[in-house]
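Participant: Just one file: input-v3.cif, with mmCIF, C-alpha atoms, pLDDT in the B column; chains and numbers go by the auth columns.
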```cif
data_run
loop_
_atom_site.group_PDB
_atom_site.id
_atom_site.type_symbol
_atom_site.label_atom_id
_atom_site.label_comp_id
_atom_site.label_asym_id
_atom_site.label_seq_id
_atom_site.Cartn_x
_atom_site.Cartn_y
_atom_site.Cartn_z
_atom_site.B_iso_or_equiv
_atom_site.auth_seq_id
_atom_site.auth_asym_id
ATOM 1 C CA MET A 1 190.154 189.480 54.888 97.00 566 O
ATOM 2 C CA ILE A 2 187.512 187.509 53.080 98.00 567 O
ATOM 3 C CA GLY A 3 186.333 187.836 49.498 98.00 568 O
ATOM 4 C CA LEU A 4 183.391 185.896 48.110 98.00 569 O
ATOM 5 C CA ILE A 5 183.798 186.259 44.358 98.00 570 O
ATOM 6 C CA GLN A 6 181.286 185.429 41.676 98.00 571 O
ATOM 7 C CA ARG A 7 181.835 185.396 37.929 98.00 572 O
ATOM 8 C CA VAL A 8 179.075 187.568 36.484 98.00 573 O
ATOM 9 C CA SER A 9 177.713 188.625 33.134 98.00 574 O
ATOM 10 C CA ARG A 10 176.248 191.651 34.941 98.00 575 O
ATOM 11 C CA ALA A 11 175.810 192.935 38.495 98.00 576 O
ATOM 12 C CA ASP A 12 174.587 196.091 40.180 98.00 577 O
ATOM 13 C CA VAL A 13 174.004 197.573 43.595 98.00 578 O
ATOM 14 C CA VAL A 14 171.117 199.871 44.514 98.00 579 O
ATOM 15 C CA VAL A 15 170.824 202.153 47.566 97.00 580 O
ATOM 16 C CA GLU A 16 167.571 203.983 48.291 96.00 581 O
ATOM 17 C CA GLY A 17 166.287 203.290 44.778 96.00 582 O
ATOM 18 C CA GLU A 18 169.426 204.580 43.032 97.00 583 O
ATOM 19 C CA THR A 19 171.893 202.374 41.172 98.00 584 O
ATOM 20 C CA ILE A 20 175.256 203.391 42.595 97.00 585 O
ATOM 21 C CA GLY A 21 177.470 200.723 41.026 98.00 586 O
ATOM 22 C CA ALA A 22 177.166 198.378 38.065 98.00 587 O
ATOM 23 C CA VAL A 23 179.380 196.144 35.947 98.00 588 O
ATOM 24 C CA ASN A 24 179.040 193.950 32.924 97.00 589 O
ATOM 25 C CA ARG A 25 181.267 190.911 32.336 98.00 590 O
ATOM 26 C CA GLY A 26 183.520 190.506 35.326 98.00 591 O
ATOM 27 C CA VAL A 27 183.473 189.766 39.034 98.00 592 O
ATOM 28 C CA LEU A 28 181.222 190.666 41.934 98.00 593 O
ATOM 29 C CA ALA A 29 183.342 190.588 45.101 98.00 594 O
ATOM 30 C CA LEU A 30 181.654 190.655 48.495 98.00 595 O
ATOM 31 C CA ILE A 31 184.342 191.780 50.957 98.00 596 O
ATOM 32 C CA ALA A 32 184.586 191.297 54.728 98.00 597 O
ATOM 33 C CA VAL A 33 187.249 192.827 56.931 98.00 598 O
ATOM 34 C CA GLU A 34 188.166 190.936 60.083 97.00 599 O
ATOM 35 C CA ARG A 35 189.784 192.112 63.313 96.00 600 O
ATOM 36 C CA GLY A 36 193.544 192.274 62.877 96.00 601 O
ATOM 37 C CA ASP A 37 193.447 192.776 59.099 97.00 602 O
ATOM 38 C CA THR A 38 195.980 195.189 57.609 98.00 603 O
ATOM 39 C CA PRO A 39 196.503 197.198 54.407 98.00 604 O
ATOM 40 C CA ALA A 40 198.942 194.494 53.271 98.00 605 O
ATOM 41 C CA LEU A 41 196.213 191.863 53.632 98.00 606 O
ATOM 42 C CA ALA A 42 193.797 194.076 51.701 98.00 607 O
ATOM 43 C CA GLU A 43 196.307 194.303 48.863 98.00 608 O
ATOM 44 C CA ARG A 44 196.892 190.538 48.969 98.00 609 O
ATOM 45 C CA LEU A 45 193.161 189.864 48.711 98.00 610 O
ATOM 46 C CA VAL A 46 192.845 192.282 45.786 98.00 611 O
ATOM 47 C CA GLU A 47 195.718 190.524 44.020 98.00 612 O
ATOM 48 C CA ARG A 48 193.998 187.174 44.512 98.00 613 O
ATOM 49 C CA ILE A 49 190.665 188.524 43.223 98.00 614 O
ATOM 50 C CA LEU A 50 192.201 190.090 40.124 98.00 615 O
ATOM 51 C CA SER A 51 194.421 187.101 39.322 98.00 616 O
ATOM 52 C CA TYR A 52 192.149 184.188 40.241 98.00 617 O
ATOM 53 C CA ARG A 53 191.511 182.139 37.115 98.00 618 O
ATOM 54 C CA ILE A 54 187.730 181.836 36.852 98.00 619 O
ATOM 55 C CA PHE A 55 187.114 182.650 33.192 98.00 620 O
ATOM 56 C CA GLU A 56 187.261 180.071 30.436 97.00 621 O
ATOM 57 C CA ASP A 57 189.976 179.945 27.815 97.00 622 O
ATOM 58 C CA GLU A 58 189.511 178.729 24.234 96.00 623 O
ATOM 59 C CA ALA A 59 189.565 175.108 25.447 97.00 624 O
ATOM 60 C CA GLY A 60 186.770 175.719 27.981 95.00 625 O
ATOM 61 C CA LYS A 61 189.089 175.495 31.016 97.00 626 O
ATOM 62 C CA MET A 62 189.054 178.106 33.785 97.00 627 O
ATOM 63 C CA ASN A 63 192.499 179.496 32.951 98.00 628 O
ATOM 64 C CA ARG A 64 191.853 183.224 32.563 98.00 629 O
ATOM 65 C CA SER A 65 191.660 185.898 35.257 98.00 630 O
ATOM 66 C CA LEU A 66 189.758 189.166 35.451 98.00 631 O
ATOM 67 C CA LEU A 67 192.984 190.884 34.363 98.00 632 O
ATOM 68 C CA ASP A 68 193.319 188.521 31.392 98.00 633 O
ATOM 69 C CA ILE A 69 189.844 189.240 30.051 98.00 634 O
ATOM 70 C CA GLY A 70 189.833 192.981 30.771 97.00 635 O
ATOM 71 C CA GLY A 71 186.711 192.574 32.893 98.00 636 O
ATOM 72 C CA GLU A 72 185.066 194.834 35.450 98.00 637 O
ATOM 73 C CA LEU A 73 184.919 194.518 39.236 98.00 638 O
ATOM 74 C CA LEU A 74 182.028 195.362 41.558 98.00 639 O
ATOM 75 C CA MET A 75 183.194 195.458 45.188 98.00 640 O
ATOM 76 C CA VAL A 76 180.584 195.405 47.956 98.00 641 O
ATOM 77 C CA SER A 77 181.357 195.455 51.679 97.00 642 O
ATOM 78 C CA GLN A 78 179.632 192.632 53.548 95.00 643 O
ATOM 79 C CA PHE A 79 180.644 192.245 57.182 94.00 644 O
ATOM 80 C CA THR A 80 178.338 189.231 57.616 95.00 645 O
ATOM 81 C CA LEU A 81 180.920 187.063 55.800 96.00 646 O
ATOM 82 C CA ALA A 82 183.122 187.426 58.892 95.00 647 O
ATOM 83 C CA ALA A 83 180.444 185.987 61.184 94.00 648 O
ATOM 84 C CA ASP A 84 181.096 183.115 63.570 93.00 649 O
ATOM 85 C CA THR A 85 178.337 180.599 62.806 94.00 650 O
ATOM 86 C CA ASN A 86 179.788 177.614 64.652 94.00 651 O
ATOM 87 C CA SER A 87 177.109 177.367 67.329 91.00 652 O
ATOM 88 C CA GLY A 88 173.514 178.285 67.974 92.00 653 O
ATOM 89 C CA THR A 89 171.082 179.791 65.520 95.00 654 O
ATOM 90 C CA ARG A 90 172.261 183.412 65.584 94.00 655 O
ATOM 91 C CA ALA A 91 175.563 184.580 64.140 95.00 656 O
ATOM 92 C CA SER A 92 178.188 186.302 66.255 94.00 657 O
ATOM 93 C CA PHE A 93 179.954 189.193 64.551 95.00 658 O
ATOM 94 C CA THR A 94 182.869 189.325 66.991 93.00 659 O
ATOM 95 C CA PRO A 95 185.372 188.317 64.253 95.00 660 O
ATOM 96 C CA ALA A 96 184.358 191.295 62.076 95.00 661 O
ATOM 97 C CA ALA A 97 186.462 194.441 62.223 96.00 662 O
ATOM 98 C CA PRO A 98 184.978 197.526 63.868 96.00 663 O
ATOM 99 C CA PRO A 99 183.320 199.834 61.318 95.00 664 O
ATOM 100 C CA GLU A 100 186.167 202.387 61.204 96.00 665 O
ATOM 101 C CA LEU A 101 188.773 199.727 60.360 97.00 666 O
ATOM 102 C CA GLY A 102 186.379 197.963 58.011 97.00 667 O
ATOM 103 C CA ARG A 103 185.727 201.138 56.040 97.00 668 O
ATOM 104 C CA ALA A 104 189.419 202.095 55.885 98.00 669 O
ATOM 105 C CA LEU A 105 190.555 198.686 54.643 98.00 670 O
ATOM 106 C CA PHE A 106 187.628 198.304 52.234 98.00 671 O
ATOM 107 C CA ASP A 107 188.492 201.729 50.754 98.00 672 O
ATOM 108 C CA HIS A 108 192.155 200.704 50.587 98.00 673 O
ATOM 109 C CA ALA A 109 191.207 197.556 48.668 98.00 674 O
ATOM 110 C CA VAL A 110 189.006 199.529 46.255 98.00 675 O
ATOM 111 C CA MET A 111 191.845 201.952 45.526 98.00 676 O
ATOM 112 C CA ALA A 112 194.320 199.095 45.000 98.00 677 O
ATOM 113 C CA ALA A 113 191.963 197.341 42.578 98.00 678 O
ATOM 114 C CA GLY A 114 191.089 200.595 40.795 98.00 679 O
ATOM 115 C CA ARG A 115 194.705 201.058 39.757 97.00 680 O
ATOM 116 C CA ARG A 116 194.388 197.918 37.612 97.00 681 O
ATOM 117 C CA VAL A 117 190.756 197.376 36.532 98.00 682 O
ATOM 118 C CA PRO A 118 187.512 199.339 36.267 97.00 683 O
ATOM 119 C CA VAL A 119 185.871 199.216 39.726 98.00 684 O
ATOM 120 C CA ALA A 120 182.351 200.022 40.881 98.00 685 O
ATOM 121 C CA THR A 121 181.293 199.814 44.525 97.00 686 O
ATOM 122 C CA GLY A 122 178.405 199.683 46.891 94.00 687 O
ATOM 123 C CA ARG A 123 178.149 202.119 49.804 95.00 688 O
ATOM 124 C CA PHE A 124 179.859 201.054 53.014 93.00 689 O
ATOM 125 C CA GLY A 125 177.381 200.589 55.865 91.00 690 O
ATOM 126 C CA ALA A 126 174.298 201.213 53.714 94.00 691 O
ATOM 127 C CA HIS A 127 171.355 198.888 53.221 96.00 692 O
ATOM 128 C CA MET A 128 171.965 197.683 49.660 97.00 693 O
ATOM 129 C CA GLN A 129 170.152 195.575 47.104 98.00 694 O
ATOM 130 C CA VAL A 130 172.670 193.614 45.064 98.00 695 O
ATOM 131 C CA SER A 131 171.570 191.970 41.822 98.00 696 O
ATOM 132 C CA LEU A 132 173.656 189.730 39.639 98.00 697 O
ATOM 133 C CA CYS A 133 173.635 187.195 36.896 98.00 698 O
ATOM 134 C CA ASN A 134 176.137 184.583 38.116 97.00 699 O
ATOM 135 C CA ASP A 135 177.785 183.164 35.001 97.00 700 O
ATOM 136 C CA GLY A 136 178.223 179.430 35.432 95.00 701 O
ATOM 137 C CA PRO A 137 177.420 179.576 38.305 96.00 702 O
ATOM 138 C CA VAL A 138 180.978 180.197 39.450 98.00 703 O
ATOM 139 C CA THR A 139 181.596 181.274 43.058 98.00 704 O
ATOM 140 C CA PHE A 140 184.752 181.072 45.193 98.00 705 O
ATOM 141 C CA TRP A 141 185.589 181.952 48.804 97.00 706 O
ATOM 142 C CA LEU A 142 189.021 183.632 48.993 97.00 707 O
ATOM 143 C CA THR A 143 190.952 184.707 52.055 96.00 708 O
ATOM 144 C CA ALA A 144 194.072 186.721 52.741 94.00 709 O
ATOM 145 C CA ARG A 145 195.713 185.833 56.031 86.00 710 O
#
```
Rewrite the coordinates I just gave you, this time as structure tokens.

Facilitator:
Amino acid sequence: MIGLIQRVSRADVVVEGETIGAVNRGVLALIAVERGDTPALAERLVERILSYRIFEDEAGKMNRSLLDIGGELLMVSQFTLAADTNSGTRASFTPAAPPELGRALFDHAVMAAGRRVPVATGRFGAHMQVSLCNDGPVTFWLTAR
């Protein structure tokens, strides 16, 4: 599984003109499920997202995690992160999980995260508009393999 995480001061996701998920200080996590991913990998990725130290401590060093600051998490499914872009000028989505598996593991990850932090989400498979204020900017690519 892949998680592209961004430290945000705010983020929201809109579907058909309606805001369906929003957070203040915290993390926006764009999540991709790949073929062969499992519930255990989903839980591992969630643990990495929640524990990754991307917030500054009193000394200005990135030593605090989302859990440490009591922040919020906005999780948005984004299968395009699993694309193979190694050749040509059009991505191949062969590495991405089929929609049924993608939805099941994304939902599993949301439930795992929701047991520990406030979580908002996008809508799986929908056309979404995601807005954010990246704080830093700070962005990291995380994987669970």

Participant: Find, counting all atoms listed in the file, the residue in O:Pro702, O:Gly690, O:Gly653, O:Gly586 that gets nearest to Leu639 of chain O.

Facilitator: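 The closest residue to Leu639 of chain O is O:Gly586.
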
Participant: My list of candidates is O:Ala678, O:Leu615, O:Ala709, O:Val592. Which is closest to Ser574 of chain O when distances are computed with only C-alpha atoms?

Facilitator: O:Val592

Participant: Which polymer residues, whether protein, DNA or RNA, lie within 6 Å of the coordinate (183.3, 185.0, 54.3) when you count all atoms listed in the file? List them as a VMD selection string, using the chain letters and numbers from the file.

Facilitator: chain O and resid 567 646 to 647

Participant: I want to know what sits within 8 Å of Gly568 of chain O, based on all atoms listed in the file, with residues of the same chain fewer than 3 positions away left out; could you give that as a list in words?

Facilitator: Ala594, Leu595, Ile596, Ala597, Leu610, Ile614, Trp706, Leu707 and Thr708 of chain O

Participant: Restricting it to C-alpha atoms, dump the selection as a PDB file, in the frame of the given file.

Facilitator:
```pdb
ATOM      1  CA  ALA O 594     183.342 190.588  45.101  1.00 98.00           C
ATOM      2  CA  LEU O 595     181.654 190.655  48.495  1.00 98.00           C
ATOM      3  CA  ILE O 596     184.342 191.780  50.957  1.00 98.00           C
ATOM      4  CA  ALA O 597     184.586 191.297  54.728  1.00 98.00           C
ATOM      5  CA  LEU O 610     193.161 189.864  48.711  1.00 98.00           C
ATOM      6  CA  ILE O 614     190.665 188.524  43.223  1.00 98.00           C
ATOM      7  CA  TRP O 706     185.589 181.952  48.804  1.00 97.00           C
ATOM      8  CA  LEU O 707     189.021 183.632  48.993  1.00 97.00           C
ATOM      9  CA  THR O 708     190.952 184.707  52.055  1.00 96.00           C
TER      10      THR O 708
END
```

Participant: Report as a ChimeraX atom specification all protein, DNA and RNA residues lying within 9 Å of Thr603 of chain O, evaluated on all atoms listed in the file, omitting residues in the same chain fewer than 3 positions from it.

Facilitator: /O:566,600,606-608,666,670

Participant: As an exercise, work out the distance from atom CA of Arg572 of chain O to atom CA of Glu623 of chain O in Å and give it to one decimal place.

Facilitator: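 Separation of atom CA of Arg572 of chain O and atom CA of Glu623 of chain O: 17.1 Å.
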